[in-house]
Each structure stands twice: as structure tokens, then as C-alpha cells.
>>> print(open('my_file_30.cif').read())   # mmCIF, N, CA and C atoms
data_data
loop_
_atom_site.label_atom_id
_atom_site.label_comp_id
_atom_site.auth_asym_id
_atom_site.auth_seq_id
_atom_site.Cartn_x
_atom_site.Cartn_y
_atom_site.Cartn_z
N MET I 1015 -38.98 13.23 27.71
CA MET I 1015 -38.63 11.86 27.43
C MET I 1015 -37.71 11.77 26.20
N ARG I 1016 -38.01 12.58 25.16
CA ARG I 1016 -37.18 12.55 23.96
C ARG I 1016 -35.76 13.05 24.25
N ILE I 1017 -35.67 14.05 25.12
CA ILE I 1017 -34.35 14.58 25.47
C ILE I 1017 -33.54 13.51 26.19
N LEU I 1018 -34.16 12.76 27.07
CA LEU I 1018 -33.47 11.68 27.78
C LEU I 1018 -33.00 10.60 26.80
N ALA I 1019 -33.82 10.27 25.82
CA ALA I 1019 -33.44 9.28 24.82
C ALA I 1019 -32.27 9.79 23.98
N LEU I 1020 -32.30 11.06 23.61
CA LEU I 1020 -31.21 11.64 22.82
C LEU I 1020 -29.91 11.66 23.62
N LEU I 1021 -29.97 12.05 24.87
CA LEU I 1021 -28.78 12.07 25.72
C LEU I 1021 -28.21 10.68 25.91
N SER I 1022 -29.07 9.69 26.06
CA SER I 1022 -28.56 8.32 26.22
C SER I 1022 -27.88 7.82 24.95
N LEU I 1023 -28.36 8.25 23.78
CA LEU I 1023 -27.71 7.88 22.52
C LEU I 1023 -26.32 8.48 22.42
N LEU I 1024 -26.14 9.70 22.94
CA LEU I 1024 -24.84 10.36 22.89
C LEU I 1024 -23.79 9.65 23.74
N THR I 1025 -24.22 8.93 24.76
CA THR I 1025 -23.26 8.25 25.63
C THR I 1025 -22.86 6.89 25.08
N LEU I 1026 -23.54 6.42 24.07
CA LEU I 1026 -23.19 5.12 23.50
C LEU I 1026 -21.94 5.23 22.64
N GLY I 1027 -21.17 4.20 22.63
CA GLY I 1027 -19.98 4.18 21.80
C GLY I 1027 -20.31 3.69 20.40
N SER I 1028 -19.40 3.94 19.51
CA SER I 1028 -19.58 3.44 18.15
C SER I 1028 -18.23 3.08 17.56
N CYS I 1029 -18.25 2.15 16.64
CA CYS I 1029 -17.05 1.73 15.92
C CYS I 1029 -17.22 2.17 14.48
N PHE I 1030 -16.10 2.39 13.81
CA PHE I 1030 -16.17 2.73 12.40
C PHE I 1030 -14.97 2.16 11.67
N MET I 1031 -15.15 1.98 10.37
CA MET I 1031 -14.09 1.49 9.49
C MET I 1031 -14.14 2.33 8.22
N SER I 1032 -12.95 2.59 7.67
CA SER I 1032 -12.90 3.26 6.38
C SER I 1032 -11.67 2.77 5.63
N ARG I 1033 -11.69 2.98 4.32
CA ARG I 1033 -10.57 2.55 3.49
C ARG I 1033 -10.39 3.56 2.37
N SER I 1034 -9.15 3.84 2.01
CA SER I 1034 -8.89 4.67 0.84
C SER I 1034 -7.72 4.07 0.08
N THR I 1035 -7.77 4.22 -1.22
CA THR I 1035 -6.70 3.69 -2.07
C THR I 1035 -6.26 4.78 -3.05
N THR I 1036 -5.03 4.65 -3.51
CA THR I 1036 -4.49 5.52 -4.54
C THR I 1036 -3.97 4.63 -5.66
N ASN I 1037 -4.47 4.84 -6.85
CA ASN I 1037 -4.10 4.05 -8.04
C ASN I 1037 -4.62 2.62 -7.93
N VAL I 1038 -4.25 1.80 -8.88
CA VAL I 1038 -4.67 0.39 -8.90
C VAL I 1038 -3.49 -0.47 -8.46
N PRO I 1039 -3.75 -1.65 -7.90
CA PRO I 1039 -2.65 -2.52 -7.47
C PRO I 1039 -1.72 -2.86 -8.65
N LEU I 1040 -0.42 -2.95 -8.34
CA LEU I 1040 0.55 -3.36 -9.34
C LEU I 1040 0.47 -4.87 -9.51
N GLU I 1041 0.70 -5.33 -10.72
CA GLU I 1041 0.65 -6.76 -10.99
C GLU I 1041 2.07 -7.31 -11.10
N ARG I 1042 2.42 -8.19 -10.17
CA ARG I 1042 3.75 -8.78 -10.13
C ARG I 1042 4.11 -9.43 -11.47
N ALA I 1043 3.15 -10.11 -12.09
CA ALA I 1043 3.42 -10.82 -13.35
C ALA I 1043 3.84 -9.84 -14.45
N LYS I 1044 3.26 -8.66 -14.46
CA LYS I 1044 3.64 -7.66 -15.47
C LYS I 1044 5.04 -7.13 -15.21
N ILE I 1045 5.36 -6.86 -13.95
CA ILE I 1045 6.70 -6.37 -13.60
C ILE I 1045 7.74 -7.42 -13.97
N GLU I 1046 7.42 -8.69 -13.75
CA GLU I 1046 8.37 -9.77 -14.04
C GLU I 1046 8.61 -9.95 -15.54
N GLN I 1047 7.73 -9.42 -16.39
CA GLN I 1047 7.94 -9.49 -17.83
C GLN I 1047 9.04 -8.55 -18.32
N LEU I 1048 9.37 -7.55 -17.51
CA LEU I 1048 10.35 -6.55 -17.91
C LEU I 1048 11.76 -7.10 -17.78
N GLN I 1049 12.59 -6.86 -18.78
CA GLN I 1049 13.95 -7.39 -18.81
C GLN I 1049 14.97 -6.25 -18.90
N PRO I 1050 15.80 -6.06 -17.85
CA PRO I 1050 16.86 -5.06 -17.94
C PRO I 1050 17.76 -5.36 -19.15
N GLY I 1051 18.14 -4.29 -19.84
CA GLY I 1051 18.97 -4.42 -21.02
C GLY I 1051 18.19 -4.65 -22.30
N THR I 1052 16.89 -4.96 -22.18
CA THR I 1052 16.06 -5.26 -23.34
C THR I 1052 14.82 -4.39 -23.42
N SER I 1053 14.06 -4.31 -22.33
CA SER I 1053 12.81 -3.56 -22.32
C SER I 1053 13.07 -2.06 -22.47
N THR I 1054 12.21 -1.40 -23.22
CA THR I 1054 12.33 0.05 -23.41
C THR I 1054 11.27 0.78 -22.61
N ALA I 1055 11.47 2.09 -22.44
CA ALA I 1055 10.50 2.91 -21.72
C ALA I 1055 9.13 2.83 -22.39
N LYS I 1056 9.11 2.82 -23.71
CA LYS I 1056 7.84 2.73 -24.44
C LYS I 1056 7.13 1.42 -24.11
N GLN I 1057 7.86 0.32 -24.08
CA GLN I 1057 7.25 -0.98 -23.75
C GLN I 1057 6.73 -1.00 -22.32
N VAL I 1058 7.47 -0.36 -21.42
CA VAL I 1058 7.04 -0.30 -20.02
C VAL I 1058 5.71 0.44 -19.91
N VAL I 1059 5.59 1.57 -20.57
CA VAL I 1059 4.35 2.35 -20.51
C VAL I 1059 3.20 1.60 -21.17
N GLU I 1060 3.47 0.88 -22.25
CA GLU I 1060 2.42 0.08 -22.89
C GLU I 1060 1.94 -1.03 -21.96
N LEU I 1061 2.85 -1.61 -21.18
CA LEU I 1061 2.51 -2.71 -20.29
C LEU I 1061 1.88 -2.24 -18.98
N LEU I 1062 2.46 -1.21 -18.38
CA LEU I 1062 2.03 -0.78 -17.04
C LEU I 1062 1.16 0.49 -17.03
N GLY I 1063 1.12 1.21 -18.14
CA GLY I 1063 0.40 2.48 -18.16
C GLY I 1063 1.32 3.61 -17.74
N ALA I 1064 0.74 4.78 -17.57
CA ALA I 1064 1.52 5.96 -17.19
C ALA I 1064 2.06 5.81 -15.78
N PRO I 1065 3.33 6.19 -15.56
CA PRO I 1065 3.89 6.12 -14.21
C PRO I 1065 3.31 7.20 -13.30
N SER I 1066 3.41 6.99 -12.01
CA SER I 1066 2.98 7.99 -11.03
C SER I 1066 3.91 9.19 -11.05
N GLU I 1067 5.18 8.94 -11.35
CA GLU I 1067 6.17 10.01 -11.36
C GLU I 1067 7.31 9.63 -12.31
N VAL I 1068 7.83 10.63 -13.01
CA VAL I 1068 9.02 10.46 -13.86
C VAL I 1068 10.07 11.42 -13.34
N ILE I 1069 11.25 10.89 -13.07
CA ILE I 1069 12.34 11.72 -12.55
C ILE I 1069 13.49 11.70 -13.56
N GLN I 1070 13.97 12.88 -13.91
CA GLN I 1070 15.13 13.00 -14.81
C GLN I 1070 16.40 12.91 -13.98
N LEU I 1071 17.32 12.06 -14.39
CA LEU I 1071 18.60 11.87 -13.71
C LEU I 1071 19.72 12.16 -14.72
N GLY I 1072 19.89 13.41 -15.08
CA GLY I 1072 20.83 13.77 -16.14
C GLY I 1072 20.26 13.28 -17.47
N ASN I 1073 20.99 12.42 -18.17
CA ASN I 1073 20.51 11.83 -19.43
C ASN I 1073 19.65 10.59 -19.18
N ARG I 1074 19.60 10.16 -17.96
CA ARG I 1074 18.83 8.97 -17.61
C ARG I 1074 17.51 9.37 -16.97
N SER I 1075 16.66 8.38 -16.71
CA SER I 1075 15.38 8.68 -16.06
C SER I 1075 14.95 7.51 -15.18
N ALA I 1076 14.02 7.79 -14.31
CA ALA I 1076 13.44 6.78 -13.43
C ALA I 1076 11.94 6.97 -13.41
N TYR I 1077 11.20 5.86 -13.51
CA TYR I 1077 9.74 5.87 -13.43
C TYR I 1077 9.35 5.23 -12.11
N ARG I 1078 8.38 5.85 -11.44
CA ARG I 1078 7.84 5.27 -10.21
C ARG I 1078 6.38 4.93 -10.43
N TYR I 1079 6.03 3.71 -10.08
CA TYR I 1079 4.64 3.24 -10.10
C TYR I 1079 4.27 2.90 -8.66
N ASP I 1080 3.07 3.29 -8.23
CA ASP I 1080 2.68 2.89 -6.89
C ASP I 1080 1.17 2.75 -6.74
N PHE I 1081 0.82 1.93 -5.78
CA PHE I 1081 -0.55 1.70 -5.33
C PHE I 1081 -0.50 1.78 -3.82
N VAL I 1082 -1.38 2.57 -3.21
CA VAL I 1082 -1.40 2.73 -1.76
C VAL I 1082 -2.78 2.33 -1.25
N ASN I 1083 -2.80 1.55 -0.18
CA ASN I 1083 -4.03 1.06 0.43
C ASN I 1083 -3.99 1.41 1.92
N LEU I 1084 -4.93 2.23 2.37
CA LEU I 1084 -5.01 2.63 3.77
C LEU I 1084 -6.31 2.09 4.35
N LYS I 1085 -6.20 1.41 5.49
CA LYS I 1085 -7.38 0.93 6.20
C LYS I 1085 -7.37 1.57 7.58
N ARG I 1086 -8.53 2.05 8.00
CA ARG I 1086 -8.66 2.79 9.26
C ARG I 1086 -9.82 2.20 10.04
N GLU I 1087 -9.60 2.00 11.33
CA GLU I 1087 -10.68 1.52 12.20
C GLU I 1087 -10.58 2.30 13.51
N GLY I 1088 -11.72 2.61 14.07
CA GLY I 1088 -11.71 3.40 15.29
C GLY I 1088 -12.89 3.13 16.18
N PHE I 1089 -12.84 3.74 17.34
CA PHE I 1089 -13.86 3.59 18.37
C PHE I 1089 -14.09 4.97 18.97
N THR I 1090 -15.35 5.37 19.07
CA THR I 1090 -15.69 6.69 19.60
C THR I 1090 -16.69 6.57 20.74
N VAL I 1091 -16.42 7.30 21.83
CA VAL I 1091 -17.37 7.45 22.93
C VAL I 1091 -17.41 8.94 23.25
N ILE I 1092 -18.56 9.53 23.05
CA ILE I 1092 -18.80 10.97 23.25
C ILE I 1092 -17.71 11.77 22.53
N LEU I 1093 -16.74 12.33 23.23
CA LEU I 1093 -15.72 13.16 22.61
C LEU I 1093 -14.36 12.47 22.52
N PHE I 1094 -14.31 11.20 22.85
CA PHE I 1094 -13.05 10.46 22.81
C PHE I 1094 -13.06 9.51 21.62
N THR I 1095 -12.02 9.59 20.80
CA THR I 1095 -11.89 8.69 19.66
C THR I 1095 -10.52 8.02 19.70
N ALA I 1096 -10.51 6.72 19.54
CA ALA I 1096 -9.26 5.96 19.40
C ALA I 1096 -9.22 5.47 17.96
N LEU I 1097 -8.09 5.65 17.31
CA LEU I 1097 -7.99 5.39 15.88
C LEU I 1097 -6.75 4.58 15.57
N ASN I 1098 -6.85 3.69 14.59
CA ASN I 1098 -5.70 2.92 14.11
C ASN I 1098 -5.73 2.97 12.59
N GLU I 1099 -4.57 3.25 11.98
CA GLU I 1099 -4.45 3.27 10.53
C GLU I 1099 -3.33 2.33 10.13
N ASP I 1100 -3.53 1.61 9.05
CA ASP I 1100 -2.50 0.74 8.48
C ASP I 1100 -2.39 1.07 7.00
N THR I 1101 -1.26 1.60 6.59
CA THR I 1101 -1.04 1.97 5.20
C THR I 1101 0.05 1.07 4.63
N ARG I 1102 -0.26 0.41 3.53
CA ARG I 1102 0.71 -0.44 2.84
C ARG I 1102 0.72 -0.05 1.38
N ALA I 1103 1.83 -0.33 0.69
CA ALA I 1103 1.94 0.11 -0.70
C ALA I 1103 2.61 -0.94 -1.58
N ASP I 1104 2.19 -0.96 -2.83
CA ASP I 1104 2.93 -1.62 -3.90
C ASP I 1104 3.75 -0.50 -4.53
N ARG I 1105 5.01 -0.74 -4.79
CA ARG I 1105 5.83 0.30 -5.41
C ARG I 1105 6.85 -0.35 -6.33
N ALA I 1106 7.05 0.27 -7.48
CA ALA I 1106 8.07 -0.19 -8.42
C ALA I 1106 8.84 1.02 -8.94
N TRP I 1107 10.15 0.91 -8.92
CA TRP I 1107 11.05 1.92 -9.51
C TRP I 1107 11.73 1.27 -10.69
N LEU I 1108 11.69 1.94 -11.83
CA LEU I 1108 12.32 1.44 -13.05
C LEU I 1108 13.30 2.50 -13.54
N PHE I 1109 14.53 2.12 -13.80
CA PHE I 1109 15.58 3.05 -14.19
C PHE I 1109 15.97 2.79 -15.64
N PHE I 1110 16.11 3.88 -16.40
CA PHE I 1110 16.41 3.80 -17.83
C PHE I 1110 17.69 4.56 -18.14
N ASP I 1111 18.44 4.08 -19.14
CA ASP I 1111 19.65 4.78 -19.57
C ASP I 1111 19.30 5.90 -20.55
N SER I 1112 20.30 6.53 -21.14
CA SER I 1112 20.07 7.66 -22.03
C SER I 1112 19.35 7.28 -23.32
N LYS I 1113 19.28 5.97 -23.62
CA LYS I 1113 18.57 5.50 -24.82
C LYS I 1113 17.20 4.91 -24.47
N ASP I 1114 16.72 5.18 -23.26
CA ASP I 1114 15.43 4.70 -22.76
C ASP I 1114 15.34 3.17 -22.68
N VAL I 1115 16.46 2.51 -22.41
CA VAL I 1115 16.47 1.07 -22.20
C VAL I 1115 16.53 0.82 -20.69
N LEU I 1116 15.71 -0.09 -20.21
CA LEU I 1116 15.65 -0.41 -18.78
C LEU I 1116 17.01 -0.94 -18.31
N THR I 1117 17.57 -0.33 -17.27
CA THR I 1117 18.85 -0.80 -16.73
C THR I 1117 18.64 -1.66 -15.49
N HIS I 1118 17.73 -1.28 -14.62
CA HIS I 1118 17.41 -2.08 -13.44
C HIS I 1118 16.09 -1.62 -12.84
N LEU I 1119 15.55 -2.45 -11.97
CA LEU I 1119 14.27 -2.14 -11.33
C LEU I 1119 14.20 -2.75 -9.95
N GLY I 1120 13.32 -2.21 -9.14
CA GLY I 1120 13.06 -2.74 -7.81
C GLY I 1120 11.59 -2.58 -7.51
N SER I 1121 11.03 -3.53 -6.76
CA SER I 1121 9.60 -3.45 -6.47
C SER I 1121 9.27 -4.09 -5.13
N THR I 1122 8.17 -3.64 -4.55
CA THR I 1122 7.59 -4.26 -3.36
C THR I 1122 6.10 -4.43 -3.61
N PHE I 1123 5.53 -5.46 -3.05
CA PHE I 1123 4.10 -5.74 -3.23
C PHE I 1123 3.48 -5.99 -1.86
N GLU I 1124 3.08 -4.92 -1.18
CA GLU I 1124 2.49 -5.03 0.15
C GLU I 1124 1.13 -4.36 0.26
N GLY I 1125 0.65 -3.76 -0.83
CA GLY I 1125 -0.59 -2.99 -0.79
C GLY I 1125 -1.79 -3.76 -0.29
N ASN I 1126 -1.89 -5.01 -0.63
CA ASN I 1126 -3.06 -5.80 -0.21
C ASN I 1126 -2.90 -6.42 1.18
N GLN I 1127 -1.84 -6.06 1.90
CA GLN I 1127 -1.63 -6.59 3.24
C GLN I 1127 -2.12 -5.64 4.33
N ALA I 1128 -2.67 -4.48 3.96
CA ALA I 1128 -3.21 -3.56 4.97
C ALA I 1128 -4.35 -4.24 5.72
N ARG I 1129 -4.42 -4.00 7.02
CA ARG I 1129 -5.41 -4.67 7.86
C ARG I 1129 -6.22 -3.66 8.68
N TYR I 1130 -7.46 -4.03 8.92
CA TYR I 1130 -8.29 -3.28 9.86
C TYR I 1130 -7.93 -3.77 11.25
N ALA I 1131 -7.82 -2.86 12.21
CA ALA I 1131 -7.56 -3.25 13.59
C ALA I 1131 -7.96 -2.10 14.51
N MET I 1132 -8.44 -2.45 15.66
CA MET I 1132 -8.76 -1.44 16.66
C MET I 1132 -7.44 -0.90 17.20
N PRO I 1133 -7.45 0.29 17.77
CA PRO I 1133 -6.21 0.94 18.20
C PRO I 1133 -5.37 0.13 19.18
N TRP I 1134 -5.96 -0.72 19.95
CA TRP I 1134 -5.22 -1.49 20.94
C TRP I 1134 -4.71 -2.83 20.39
N GLU I 1135 -5.00 -3.12 19.13
CA GLU I 1135 -4.53 -4.37 18.52
C GLU I 1135 -3.18 -4.16 17.84
N ASP I 1136 -2.31 -5.17 17.92
CA ASP I 1136 -1.00 -5.12 17.29
C ASP I 1136 -1.09 -5.73 15.90
N ILE I 1137 -1.11 -4.89 14.87
CA ILE I 1137 -1.25 -5.40 13.51
C ILE I 1137 0.08 -5.83 12.92
N HIS I 1138 1.17 -5.53 13.60
CA HIS I 1138 2.49 -5.91 13.10
C HIS I 1138 3.10 -7.05 13.89
N GLY I 1139 2.34 -7.64 14.79
CA GLY I 1139 2.84 -8.77 15.58
C GLY I 1139 2.94 -10.02 14.72
N THR I 1140 3.51 -11.07 15.27
CA THR I 1140 3.74 -12.31 14.56
C THR I 1140 2.44 -12.91 14.03
N ALA I 1141 1.38 -12.87 14.81
CA ALA I 1141 0.11 -13.46 14.39
C ALA I 1141 -0.50 -12.71 13.21
N ALA I 1142 -0.17 -11.42 13.05
CA ALA I 1142 -0.77 -10.62 11.98
C ALA I 1142 -0.04 -10.75 10.65
N LYS I 1143 1.16 -11.34 10.66
CA LYS I 1143 1.94 -11.44 9.43
C LYS I 1143 1.44 -12.59 8.57
N PRO I 1144 1.50 -12.41 7.25
CA PRO I 1144 1.15 -13.50 6.36
C PRO I 1144 2.11 -14.68 6.55
N ALA I 1145 1.66 -15.88 6.23
CA ALA I 1145 2.47 -17.08 6.40
C ALA I 1145 3.80 -16.97 5.66
N SER I 1146 3.84 -16.27 4.53
CA SER I 1146 5.07 -16.15 3.76
C SER I 1146 6.13 -15.34 4.48
N GLU I 1147 5.71 -14.52 5.48
CA GLU I 1147 6.65 -13.71 6.24
C GLU I 1147 7.02 -14.32 7.58
N ALA I 1148 6.36 -15.40 7.96
CA ALA I 1148 6.63 -16.01 9.26
C ALA I 1148 8.06 -16.50 9.31
N LYS I 1149 8.68 -16.40 10.49
CA LYS I 1149 10.07 -16.82 10.65
C LYS I 1149 10.17 -18.33 10.50
N LYS I 1150 11.13 -18.76 9.69
CA LYS I 1150 11.33 -20.19 9.48
C LYS I 1150 12.26 -20.72 10.55
N PRO I 1151 12.09 -21.99 10.94
CA PRO I 1151 12.99 -22.57 11.95
C PRO I 1151 14.41 -22.67 11.37
N ASP I 1152 15.40 -22.67 12.28
CA ASP I 1152 16.81 -22.80 11.84
C ASP I 1152 16.99 -24.05 11.02
N GLY I 1153 17.85 -23.92 10.01
CA GLY I 1153 18.13 -25.08 9.15
C GLY I 1153 17.35 -25.05 7.85
N ASP I 1154 16.35 -24.15 7.72
CA ASP I 1154 15.58 -24.06 6.47
C ASP I 1154 16.15 -23.01 5.55
#
>>> encode(input="my_file_30.cif", output="C-alpha cells")
Amino acid sequence: MRILALLSLLTLGSCFMSRSTTNVPLERAKIEQLQPGTSTAKQVVELLGAPSEVIQLGNRSAYRYDFVNLKREGFTVILFTALNEDTRADRAWLFFDSKDVLTHLGSTFEGNQARYAMPWEDIHGTAAKPASEAKKPDGD
């Protein structure tokens, strides 16, 4: 009887969810405080902390800051697993001249938009996009 109960449990399906992150989310307000031509590398590090990566570009340099958020959801039946992963990132690149003064920067803030979804769900379809990304009617 126990063997029959164990075998019946093996035939049942199961769902699972997991999440992993790298670093802490970037704060848009902090990035917006930085001023090209004025902010220095020292001020950037005091405000944002240590960068994820520093790249030397001759006498110049670039700092990369990032936060990565991965959400995974799946479905398993015996030996078959269907899996969906959605990875989104906050990323900022800051470029400095030879005197460590910020020359320009670029950033994206999508890390908190990662979604859980079963493998057959479309997480990039129109319904899944935040309202701020929805297509506006012509004339707006």
C-alpha cells in the first residue's frame, strides 16, 4: 500500500518559483544628482558606493553599476520540466575624463520589472508591460 501511495505521489505535478538578485537596486534619484562637468569620481563613489566594474579607457575611465533581478517559475511532472526565466537589470555607466570629472552617463532602471510566469505565458506581451510603457494613441 505504501509503495502505491509513493508511486502516485511521483505522478503528481508540481509548480515552483525562485528568485535571485545581484547587488542592490540602483536609485534613480541618486543618479539624477550627478552632474556632467561637475561631479567627480570621488563624489560618485561616496553617493553610489563601489562600482561593479571600473574600465580604463586610456587616461579616462568608466564605472559600471548594476543590479540584476531574475525570477524563475516552472512546472514539473515526473521527468518533464517546463521553465520560464525573466531577467531584468538596472544599469548605469558613468564616464570620467583624465581629471576624474564626470563627462557623461547613461542608465536604465528595469530591475524591478522582472515577472514570474509559467513557460506558456507571454511576459513581454502588451498586457505584461507597465502602464508607462504602453503605446500612446497617435497625437500624444
>>> resolve_selection(input="my_file_30.cif", expression="the PyMOL selection byres (((chain I and resi 1127 and name CA) around 10) and name CA)", output="number ranges by chain")
I: 1083-1085, 1100-1104, 1123-1126, 1128-1130, 1142-1144
>>> atom_distance(input="my_file_30.cif", atom1="atom C of Gln1047 of chain I", atom2="atom N of Leu1062 of chain I")
9.9 Å
>>> atom_distance(input="my_file_30.cif", atom1="atom CA of Ser1053 of chain I", atom2="atom C of Arg1105 of chain I")
17.4 Å
>>> select_by_dssp(input="my_file_30.cif", residues="segment 1015-1138 of chain I", states="alpha helix (DSSP H)", output="list in words")
Arg1016, Ile1017, Leu1018, Ala1019, Leu1020, Leu1021, Ser1022, Leu1023, Leu1024, Arg1042, Ala1043, Lys1044, Ile1045, Glu1046, Ala1055, Lys1056, Gln1057, Val1058, Val1059, Glu1060, Leu1061 and Leu1062 of chain I
>>> atom_distance(input="my_file_30.cif", atom1="atom C of Ser1112 of chain I", atom2="atom CA of Gly1072 of chain I")
9.8 Å
>>> closest_residue(input="my_file_30.cif", among="I:Cys1029, I:Val1058, I:Ala1043, I:Leu1097", to="Tyr1077 of chain I", atoms="only C-alpha atoms")
I:Val1058
>>> resolve_selection(input="my_file_30.cif", expression="the PyMOL selection byres ((chain I and resi 1108) around 5)", output="ChimeraX atom specification")
/I:1076-1077,1106-1107,1109-1110,1118-1119
